[in-house]
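Asker: Below is the file coords_33.txt, with compact mmCIF, C-alpha atoms.
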```
# COMPACT_ATOMS: atom_id res chain seq x y z
CA MET A 1 -4.03 127.69 -55.77
CA ALA A 2 -5.73 127.10 -59.09
CA THR A 3 -9.50 126.86 -59.52
CA HIS A 4 -11.12 124.17 -61.66
CA LEU A 5 -14.63 123.06 -62.54
CA ILE A 6 -15.14 119.39 -63.40
CA THR A 7 -18.06 117.41 -64.77
CA GLY A 8 -18.32 113.67 -64.20
CA ALA A 9 -16.34 113.76 -60.94
CA GLY A 10 -18.30 110.96 -59.30
CA SER A 11 -16.46 108.05 -60.90
CA GLY A 12 -13.88 106.97 -63.44
CA ILE A 13 -11.65 109.54 -65.12
CA GLY A 14 -13.45 112.49 -63.54
CA GLU A 15 -12.93 111.13 -60.05
CA ALA A 16 -9.25 110.46 -60.74
CA VAL A 17 -8.70 113.99 -62.07
CA THR A 18 -10.51 115.47 -59.08
CA ARG A 19 -8.40 113.56 -56.57
CA MET A 20 -5.18 114.58 -58.30
CA LEU A 21 -6.10 118.26 -58.32
CA LEU A 22 -7.24 118.20 -54.69
CA ALA A 23 -4.01 116.49 -53.68
CA ARG A 24 -2.19 119.50 -55.13
CA GLY A 25 -4.20 121.81 -52.90
CA ASP A 26 -6.35 123.30 -55.65
CA GLU A 27 -9.93 124.53 -55.40
CA VAL A 28 -12.21 122.19 -57.31
CA TRP A 29 -15.82 122.90 -58.20
CA LEU A 30 -17.85 119.80 -58.98
CA LEU A 31 -20.94 119.93 -61.16
CA ALA A 32 -23.76 117.84 -59.67
CA ARG A 33 -27.14 117.07 -61.18
CA ASP A 34 -29.03 118.01 -57.99
CA ALA A 35 -28.47 119.16 -54.41
CA GLY A 36 -28.51 115.62 -53.03
CA ARG A 37 -25.80 114.52 -55.42
CA ALA A 38 -23.79 117.64 -54.54
CA ARG A 39 -23.79 116.64 -50.86
CA GLN A 40 -22.68 113.12 -51.79
CA LEU A 41 -19.76 114.44 -53.82
CA VAL A 42 -18.56 116.71 -51.02
CA GLU A 43 -18.64 113.77 -48.62
CA HIS A 44 -16.98 111.49 -51.15
CA PHE A 45 -13.96 113.77 -51.49
CA SER A 46 -13.74 114.74 -47.84
CA GLY A 47 -10.14 114.62 -46.71
CA ALA A 48 -8.72 114.51 -50.25
CA GLY A 49 -7.02 117.89 -49.76
CA GLY A 50 -7.66 121.21 -51.49
CA GLU A 51 -11.12 122.72 -51.34
CA VAL A 52 -14.27 121.13 -52.73
CA ARG A 53 -17.19 123.27 -53.83
CA THR A 54 -20.25 122.34 -55.85
CA LEU A 55 -22.44 123.77 -58.56
CA VAL A 56 -25.81 122.22 -59.38
CA GLY A 57 -26.89 121.73 -62.98
CA ASP A 58 -28.22 118.77 -64.93
CA LEU A 59 -26.25 118.02 -68.10
CA ALA A 60 -29.22 116.04 -69.38
CA GLU A 61 -31.13 119.34 -69.58
CA PRO A 62 -28.67 121.84 -71.06
CA THR A 63 -31.39 124.40 -71.77
CA ARG A 64 -31.89 124.79 -67.99
CA LEU A 65 -28.24 125.32 -67.07
CA SER A 66 -28.43 129.09 -67.47
CA TRP A 67 -31.46 129.29 -65.17
CA ALA A 68 -29.80 127.00 -62.61
CA PHE A 69 -26.58 129.02 -62.56
CA GLY A 70 -28.54 132.24 -62.20
CA HIS A 71 -29.63 131.05 -58.75
CA GLN A 72 -26.15 130.12 -57.48
CA SER A 73 -22.79 131.69 -56.78
CA LEU A 74 -20.24 130.91 -59.49
CA PRO A 75 -16.45 130.92 -59.22
CA GLY A 76 -15.00 134.36 -59.92
CA GLU A 77 -12.27 133.01 -62.19
CA LEU A 78 -11.55 129.57 -63.64
CA ASP A 79 -8.11 128.23 -64.43
CA SER A 80 -9.69 125.23 -66.10
CA LEU A 81 -13.03 123.79 -67.18
CA LEU A 82 -12.80 120.02 -67.50
CA HIS A 83 -15.53 118.26 -69.48
CA VAL A 84 -15.34 114.61 -68.41
CA ALA A 85 -18.97 113.47 -68.03
CA GLY A 86 -20.53 111.41 -70.78
CA VAL A 87 -23.14 108.79 -71.59
CA VAL A 88 -23.11 105.88 -74.04
CA GLU A 89 -25.84 103.80 -75.62
CA LEU A 90 -24.80 101.34 -78.29
CA GLY A 91 -27.04 100.25 -81.15
CA ARG A 92 -27.36 99.99 -84.89
CA VAL A 93 -28.61 103.05 -86.71
CA GLU A 94 -31.78 101.15 -87.60
CA GLU A 95 -32.43 100.67 -83.87
CA LEU A 96 -31.55 104.07 -82.41
CA THR A 97 -34.60 106.19 -81.66
CA PRO A 98 -34.72 110.00 -81.47
CA LYS A 99 -34.92 109.63 -77.68
CA VAL A 100 -31.49 107.95 -77.63
CA TRP A 101 -30.02 110.49 -80.04
CA ASP A 102 -31.40 113.43 -78.04
CA ALA A 103 -30.16 112.07 -74.70
CA THR A 104 -26.70 111.29 -76.06
CA LEU A 105 -26.21 114.61 -77.80
CA ALA A 106 -27.58 116.56 -74.83
CA VAL A 107 -25.02 115.23 -72.35
CA ASN A 108 -22.05 114.65 -74.64
CA LEU A 109 -22.23 117.73 -76.87
CA VAL A 110 -24.90 120.35 -76.17
CA ALA A 111 -24.24 120.53 -72.42
CA PRO A 112 -20.47 121.00 -72.83
CA ALA A 113 -21.14 123.77 -75.35
CA GLU A 114 -23.60 125.51 -73.05
CA LEU A 115 -21.47 125.05 -69.94
CA THR A 116 -18.50 126.55 -71.79
CA ARG A 117 -20.60 129.47 -73.02
CA LEU A 118 -21.81 130.26 -69.51
CA LEU A 119 -18.33 130.09 -67.97
CA LEU A 120 -16.29 131.82 -70.67
CA PRO A 121 -16.15 135.12 -68.73
CA GLN A 122 -14.45 133.36 -65.80
CA LEU A 123 -12.11 131.48 -68.15
CA ARG A 124 -11.11 134.66 -69.97
CA LEU A 125 -10.33 136.44 -66.71
CA ALA A 126 -7.92 133.68 -65.71
CA ARG A 127 -6.65 133.01 -69.26
CA GLY A 128 -7.84 129.54 -68.45
CA HIS A 129 -7.89 126.15 -70.11
CA VAL A 130 -10.80 124.09 -71.44
CA VAL A 131 -10.20 120.35 -71.63
CA PHE A 132 -12.62 118.05 -73.43
CA VAL A 133 -12.16 114.39 -72.48
CA ASN A 134 -13.34 113.01 -75.79
CA SER A 135 -12.89 109.39 -76.92
CA GLY A 136 -11.23 107.33 -79.59
CA ALA A 137 -14.75 107.31 -81.04
CA GLY A 138 -14.30 111.03 -81.67
CA LEU A 139 -11.70 110.16 -84.31
CA ARG A 140 -13.13 107.01 -85.86
CA THR A 141 -16.47 105.21 -85.93
CA ASN A 142 -17.40 101.54 -85.71
CA GLY A 143 -20.73 99.85 -86.21
CA ASN A 144 -23.17 100.12 -83.28
CA TRP A 145 -21.43 103.28 -82.06
CA GLY A 146 -23.30 105.77 -84.28
CA ALA A 147 -24.92 108.02 -81.66
CA TYR A 148 -21.95 108.07 -79.30
CA ALA A 149 -19.39 108.60 -82.05
CA ALA A 150 -21.47 111.35 -83.64
CA SER A 151 -21.61 113.18 -80.32
CA LYS A 152 -17.84 112.82 -79.88
CA HIS A 153 -17.06 113.91 -83.44
CA GLY A 154 -19.20 116.95 -82.69
CA LEU A 155 -17.26 117.53 -79.48
CA LYS A 156 -14.02 117.66 -81.47
CA ALA A 157 -15.56 120.27 -83.77
CA LEU A 158 -16.69 122.27 -80.74
CA ALA A 159 -13.17 122.20 -79.28
CA ASP A 160 -11.56 123.22 -82.57
CA ALA A 161 -13.97 126.12 -83.07
CA LEU A 162 -13.55 127.29 -79.47
CA ARG A 163 -9.75 127.21 -79.81
CA ALA A 164 -9.87 129.41 -82.90
CA GLU A 165 -12.32 131.84 -81.32
CA GLU A 166 -10.70 132.22 -77.89
CA ALA A 167 -6.98 132.17 -78.71
CA ALA A 168 -6.84 135.97 -78.65
CA ALA A 169 -8.28 135.91 -75.11
CA GLY A 170 -5.53 133.56 -73.98
CA VAL A 171 -7.86 130.61 -73.42
CA ARG A 172 -6.25 127.27 -74.26
CA VAL A 173 -8.29 124.30 -75.52
CA THR A 174 -7.29 120.63 -75.47
CA SER A 175 -9.06 117.47 -76.61
CA VAL A 176 -7.98 114.18 -75.01
CA TYR A 177 -8.94 110.98 -76.82
CA PRO A 178 -8.67 107.98 -74.47
CA GLY A 179 -8.90 104.43 -75.68
CA ARG A 180 -10.74 101.87 -73.60
CA THR A 181 -10.37 102.70 -69.92
CA ALA A 182 -11.32 100.66 -66.85
CA THR A 183 -14.32 102.67 -65.64
CA PRO A 184 -17.98 102.00 -64.82
CA MET A 185 -18.86 103.26 -68.32
CA GLN A 186 -16.57 100.63 -69.83
CA ALA A 187 -18.30 97.94 -67.78
CA LYS A 188 -21.62 99.12 -69.23
CA VAL A 189 -20.20 99.06 -72.76
CA HIS A 190 -19.06 95.48 -72.33
CA GLN A 191 -22.50 94.53 -71.04
CA GLN A 192 -24.10 96.10 -74.12
CA GLU A 193 -21.59 94.31 -76.34
CA GLY A 194 -22.36 91.01 -74.61
CA ARG A 195 -18.73 90.53 -73.58
CA ALA A 196 -17.09 89.69 -70.26
CA TYR A 197 -15.48 92.74 -68.64
CA ASP A 198 -11.89 92.41 -67.44
CA PRO A 199 -10.66 95.80 -66.17
CA ALA A 200 -7.05 94.54 -66.17
CA ARG A 201 -7.09 94.65 -69.99
CA TRP A 202 -7.63 98.40 -70.14
CA MET A 203 -5.98 101.63 -69.04
CA THR A 204 -6.59 102.91 -65.55
CA ALA A 205 -8.55 106.11 -65.03
CA GLU A 206 -5.45 107.51 -63.34
CA SER A 207 -3.47 107.08 -66.56
CA VAL A 208 -5.93 109.26 -68.46
CA ALA A 209 -6.11 111.74 -65.60
CA THR A 210 -2.34 112.11 -65.79
CA THR A 211 -2.59 113.09 -69.46
CA VAL A 212 -5.18 115.73 -68.53
CA LEU A 213 -2.86 117.23 -65.91
CA THR A 214 0.00 117.13 -68.42
CA ALA A 215 -2.02 119.38 -70.69
CA LEU A 216 -2.95 121.71 -67.82
CA ASP A 217 0.65 121.98 -66.62
CA LEU A 218 2.17 122.87 -69.98
CA PRO A 219 3.91 126.26 -69.67
CA ARG A 220 1.94 129.19 -71.02
CA GLY A 221 2.75 130.10 -74.60
CA SER A 222 2.06 126.58 -75.83
CA GLU A 223 -0.87 124.18 -75.77
CA ILE A 224 -1.59 120.54 -76.43
CA VAL A 225 -4.29 120.55 -79.08
CA ASP A 226 -5.11 116.85 -79.50
CA LEU A 227 -3.79 114.08 -77.29
CA SER A 228 -4.54 110.38 -77.83
CA VAL A 229 -3.78 107.79 -75.17
CA ARG A 230 -4.22 104.04 -75.66
CA PRO A 231 -3.79 100.84 -73.66
CA THR A 232 -0.51 99.02 -74.35
CA GLY A 233 -0.31 95.40 -75.38
```
What does the file become when written as structure tokens?
Answerer:
Amino acid sequence: MATHLITGAGSGIGEAVTRMLLARGDEVWLLARDAGRARQLVEHFSGAGGEVRTLVGDLAEPTRLSWAFGHQSLPGELDSLLHVAGVVELGRVEELTPKVWDATLAVNLVAPAELTRLLLPQLRLARGHVVFVNSGAGLRTNGNWGAYAASKHGLKALADALRAEEAAAGVRVTSVYPGRTATPMQAKVHQQEGRAYDPARWMTAESVATTVLTALDLPRGSEIVDLSVRPTG
């Protein structure tokens, strides 16, 4: 039974990954922003198989993660750390305030870096795997996507640096770059773009989750470094 820690498990890609891992009988730790949300997540995945445990920490406040973890029991070893959570706020550069930039970078970049730092001992013990669910915006940038794309470009740099630093410890690092996926975040993006949202046009969250598990299941001695997945048609 492998042990995983997942952010963003409450919906979309994170939920799909969580259900797939639980169905395999794995132990899955879910990061929740507070104790109430932790209870909701446990109830949400009740009966999905495996074992669900929770860890409380708010990604919007990465400077407090160390303090929060210091008051909780952590997994002894981690086979994988899966960074799936993210936020998006569209806008032209002339419109984006420091508040938007700070909030976007905190959740999408600084929190993954800090969460990884805090859990590296457990990952090294298991010769584990860190997966960053990035975005197509981490490879290219369009107008109105400045803050989000900047955070995702930074996330790619974080993954590349981590891979170089932790290879000797046996820790594998993968970045997954999904195209548009039918998730609640995508519905919000369409609302901000002023467009009608038709989930049938986009990939399912399960499709992206399958690519994540493909990376995790690759035999040791090799790793998927960058993996892009796009809707067909």
Asker: Smallest atom-to-atom distance to His190 of chain A: which of A:Ala168, A:Ile13, A:Val88, A:Val56, using all atoms listed in the file?
Answerer: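 Ranking A:Ala168, A:Ile13, A:Val88, A:Val56 by distance to His190 of chain A, first place goes to A:Val88.
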Asker: Taking all atoms listed in the file into account, produce a table as a tab-separated table in which each residue of segment 18-128 of chain A with an atom at most 12 Å from an atom of segment 213-219 of chain A appears once, together with its shortest atom pair and the distance in Å to one decimal, ordered by chain and rising number.
Answerer:
```
residue	atom	partner	partner_atom	distance
A:Thr18	CA	A:Leu213	CA	10.4
A:Arg19	CA	A:Leu213	CA	11.5
A:Met20	CA	A:Leu213	CA	8.4
A:Leu21	CA	A:Leu213	CA	8.3
A:Arg24	CA	A:Leu213	CA	11.0
A:Asp79	CA	A:Leu216	CA	9.0
A:Ser80	CA	A:Leu216	CA	7.8
A:Leu81	CA	A:Leu216	CA	10.3
A:Leu82	CA	A:Leu216	CA	10.0
A:Arg127	CA	A:Leu216	CA	12.0
A:Gly128	CA	A:Leu216	CA	9.3
```
Asker: Between A:Val131, A:Leu41, A:Leu139, A:Met1, single out the one closest to His153 of chain A, counting all atoms listed in the file.
Answerer: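 Smallest separation from His153 of chain A among the options: A:Leu139.
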Asker: What gap, in Å, lies between atom CA of Leu227 of chain A and atom CA of Gly143 of chain A?
Answerer: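 Between these atoms lies a distance of 23.9 Å.
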Asker: Show me, as an mmCIF file with C-alpha atoms, in the coordinates of the input, the residues that have an atom within 6 Å of segment 28-33 of chain A when counting all atoms listed in the file, minus same-chain residues fewer than 6 positions from it.
Answerer:
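Result written to part.cif:
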```cif
data_model
loop_
_atom_site.group_PDB
_atom_site.id
_atom_site.type_symbol
_atom_site.label_atom_id
_atom_site.label_comp_id
_atom_site.auth_asym_id
_atom_site.auth_seq_id
_atom_site.Cartn_x
_atom_site.Cartn_y
_atom_site.Cartn_z
ATOM 1 C CA THR A 3 -9.500 126.860 -59.520
ATOM 2 C CA HIS A 4 -11.120 124.170 -61.660
ATOM 3 C CA LEU A 5 -14.630 123.060 -62.540
ATOM 4 C CA ILE A 6 -15.140 119.390 -63.400
ATOM 5 C CA THR A 7 -18.060 117.410 -64.770
ATOM 6 C CA VAL A 52 -14.270 121.130 -52.730
ATOM 7 C CA ARG A 53 -17.190 123.270 -53.830
ATOM 8 C CA THR A 54 -20.250 122.340 -55.850
ATOM 9 C CA LEU A 55 -22.440 123.770 -58.560
ATOM 10 C CA VAL A 56 -25.810 122.220 -59.380
ATOM 11 C CA GLY A 57 -26.890 121.730 -62.980
ATOM 12 C CA ASP A 58 -28.220 118.770 -64.930
#
```
Asker: Mind listing as number ranges by chain all residues within 10 Å of (-16.9, 128.8, -73.3), counting all atoms listed in the file?
Answerer: A: 81, 112-124, 129-130, 158-159, 162-163, 165-166, 171, 173
Asker: Just add N, CA, C and O atoms to segment 6-25 of chain A and send it as a PDB file, keeping the file's coordinate frame.
Answerer:
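The new file rebuild_38.pdb reads:
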```pdb
ATOM      1  N   ILE A   6     -15.181 120.716 -62.790  1.00  0.00           N
ATOM      2  CA  ILE A   6     -15.140 119.390 -63.400  1.00  0.00           C
ATOM      3  C   ILE A   6     -16.542 118.805 -63.499  1.00  0.00           C
ATOM      4  O   ILE A   6     -17.316 118.860 -62.543  1.00  0.00           O
ATOM      5  N   THR A   7     -16.847 118.208 -64.642  1.00  0.00           N
ATOM      6  CA  THR A   7     -18.060 117.410 -64.770  1.00  0.00           C
ATOM      7  C   THR A   7     -17.674 115.936 -64.712  1.00  0.00           C
ATOM      8  O   THR A   7     -16.565 115.557 -65.070  1.00  0.00           O
ATOM      9  N   GLY A   8     -18.587 115.107 -64.248  1.00  0.00           N
ATOM     10  CA  GLY A   8     -18.320 113.670 -64.200  1.00  0.00           C
ATOM     11  C   GLY A   8     -17.349 113.274 -63.112  1.00  0.00           C
ATOM     12  O   GLY A   8     -16.626 112.272 -63.243  1.00  0.00           O
ATOM     13  N   ALA A   9     -17.326 114.026 -61.997  1.00  0.00           N
ATOM     14  CA  ALA A   9     -16.340 113.760 -60.940  1.00  0.00           C
ATOM     15  C   ALA A   9     -16.682 112.554 -60.082  1.00  0.00           C
ATOM     16  O   ALA A   9     -15.850 112.104 -59.295  1.00  0.00           O
ATOM     17  N   GLY A  10     -17.863 112.003 -60.211  1.00  0.00           N
ATOM     18  CA  GLY A  10     -18.300 110.960 -59.300  1.00  0.00           C
ATOM     19  C   GLY A  10     -17.647 109.611 -59.490  1.00  0.00           C
ATOM     20  O   GLY A  10     -17.670 108.775 -58.583  1.00  0.00           O
ATOM     21  N   SER A  11     -17.060 109.359 -60.666  1.00  0.00           N
ATOM     22  CA  SER A  11     -16.460 108.050 -60.900  1.00  0.00           C
ATOM     23  C   SER A  11     -15.475 108.148 -62.066  1.00  0.00           C
ATOM     24  O   SER A  11     -15.411 109.161 -62.768  1.00  0.00           O
ATOM     25  N   GLY A  12     -14.724 107.086 -62.265  1.00  0.00           N
ATOM     26  CA  GLY A  12     -13.880 106.970 -63.440  1.00  0.00           C
ATOM     27  C   GLY A  12     -12.838 108.066 -63.582  1.00  0.00           C
ATOM     28  O   GLY A  12     -12.191 108.477 -62.616  1.00  0.00           O
ATOM     29  N   ILE A  13     -12.674 108.549 -64.806  1.00  0.00           N
ATOM     30  CA  ILE A  13     -11.650 109.540 -65.120  1.00  0.00           C
ATOM     31  C   ILE A  13     -11.899 110.834 -64.353  1.00  0.00           C
ATOM     32  O   ILE A  13     -10.964 111.443 -63.822  1.00  0.00           O
ATOM     33  N   GLY A  14     -13.151 111.261 -64.259  1.00  0.00           N
ATOM     34  CA  GLY A  14     -13.450 112.490 -63.540  1.00  0.00           C
ATOM     35  C   GLY A  14     -13.069 112.422 -62.082  1.00  0.00           C
ATOM     36  O   GLY A  14     -12.539 113.386 -61.521  1.00  0.00           O
ATOM     37  N   GLU A  15     -13.317 111.297 -61.449  1.00  0.00           N
ATOM     38  CA  GLU A  15     -12.930 111.130 -60.050  1.00  0.00           C
ATOM     39  C   GLU A  15     -11.411 111.167 -59.904  1.00  0.00           C
ATOM     40  O   GLU A  15     -10.873 111.791 -58.978  1.00  0.00           O
ATOM     41  N   ALA A  16     -10.706 110.493 -60.815  1.00  0.00           N
ATOM     42  CA  ALA A  16      -9.250 110.460 -60.740  1.00  0.00           C
ATOM     43  C   ALA A  16      -8.660 111.865 -60.914  1.00  0.00           C
ATOM     44  O   ALA A  16      -7.742 112.261 -60.187  1.00  0.00           O
ATOM     45  N   VAL A  17      -9.179 112.621 -61.872  1.00  0.00           N
ATOM     46  CA  VAL A  17      -8.700 113.990 -62.070  1.00  0.00           C
ATOM     47  C   VAL A  17      -8.962 114.832 -60.824  1.00  0.00           C
ATOM     48  O   VAL A  17      -8.098 115.591 -60.365  1.00  0.00           O
ATOM     49  N   THR A  18     -10.150 114.697 -60.265  1.00  0.00           N
ATOM     50  CA  THR A  18     -10.510 115.470 -59.080  1.00  0.00           C
ATOM     51  C   THR A  18      -9.557 115.181 -57.928  1.00  0.00           C
ATOM     52  O   THR A  18      -9.070 116.104 -57.262  1.00  0.00           O
ATOM     53  N   ARG A  19      -9.283 113.914 -57.677  1.00  0.00           N
ATOM     54  CA  ARG A  19      -8.400 113.560 -56.570  1.00  0.00           C
ATOM     55  C   ARG A  19      -6.984 114.102 -56.798  1.00  0.00           C
ATOM     56  O   ARG A  19      -6.322 114.553 -55.850  1.00  0.00           O
ATOM     57  N   MET A  20      -6.514 114.061 -58.022  1.00  0.00           N
ATOM     58  CA  MET A  20      -5.180 114.580 -58.300  1.00  0.00           C
ATOM     59  C   MET A  20      -5.090 116.082 -58.079  1.00  0.00           C
ATOM     60  O   MET A  20      -4.107 116.588 -57.527  1.00  0.00           O
ATOM     61  N   LEU A  21      -6.112 116.802 -58.494  1.00  0.00           N
ATOM     62  CA  LEU A  21      -6.100 118.260 -58.320  1.00  0.00           C
ATOM     63  C   LEU A  21      -6.247 118.637 -56.847  1.00  0.00           C
ATOM     64  O   LEU A  21      -5.593 119.567 -56.368  1.00  0.00           O
ATOM     65  N   LEU A  22      -7.097 117.924 -56.124  1.00  0.00           N
ATOM     66  CA  LEU A  22      -7.240 118.200 -54.690  1.00  0.00           C
ATOM     67  C   LEU A  22      -5.963 117.896 -53.936  1.00  0.00           C
ATOM     68  O   LEU A  22      -5.592 118.619 -53.008  1.00  0.00           O
ATOM     69  N   ALA A  23      -5.268 116.842 -54.345  1.00  0.00           N
ATOM     70  CA  ALA A  23      -4.010 116.490 -53.680  1.00  0.00           C
ATOM     71  C   ALA A  23      -2.968 117.580 -53.857  1.00  0.00           C
ATOM     72  O   ALA A  23      -2.047 117.702 -53.044  1.00  0.00           O
ATOM     73  N   ARG A  24      -3.122 118.392 -54.905  1.00  0.00           N
ATOM     74  CA  ARG A  24      -2.190 119.500 -55.130  1.00  0.00           C
ATOM     75  C   ARG A  24      -2.595 120.745 -54.352  1.00  0.00           C
ATOM     76  O   ARG A  24      -1.899 121.756 -54.394  1.00  0.00           O
ATOM     77  N   GLY A  25      -3.738 120.671 -53.676  1.00  0.00           N
ATOM     78  CA  GLY A  25      -4.200 121.810 -52.900  1.00  0.00           C
ATOM     79  C   GLY A  25      -5.054 122.788 -53.658  1.00  0.00           C
ATOM     80  O   GLY A  25      -5.307 123.900 -53.188  1.00  0.00           O
TER      81      GLY A  25
END
```
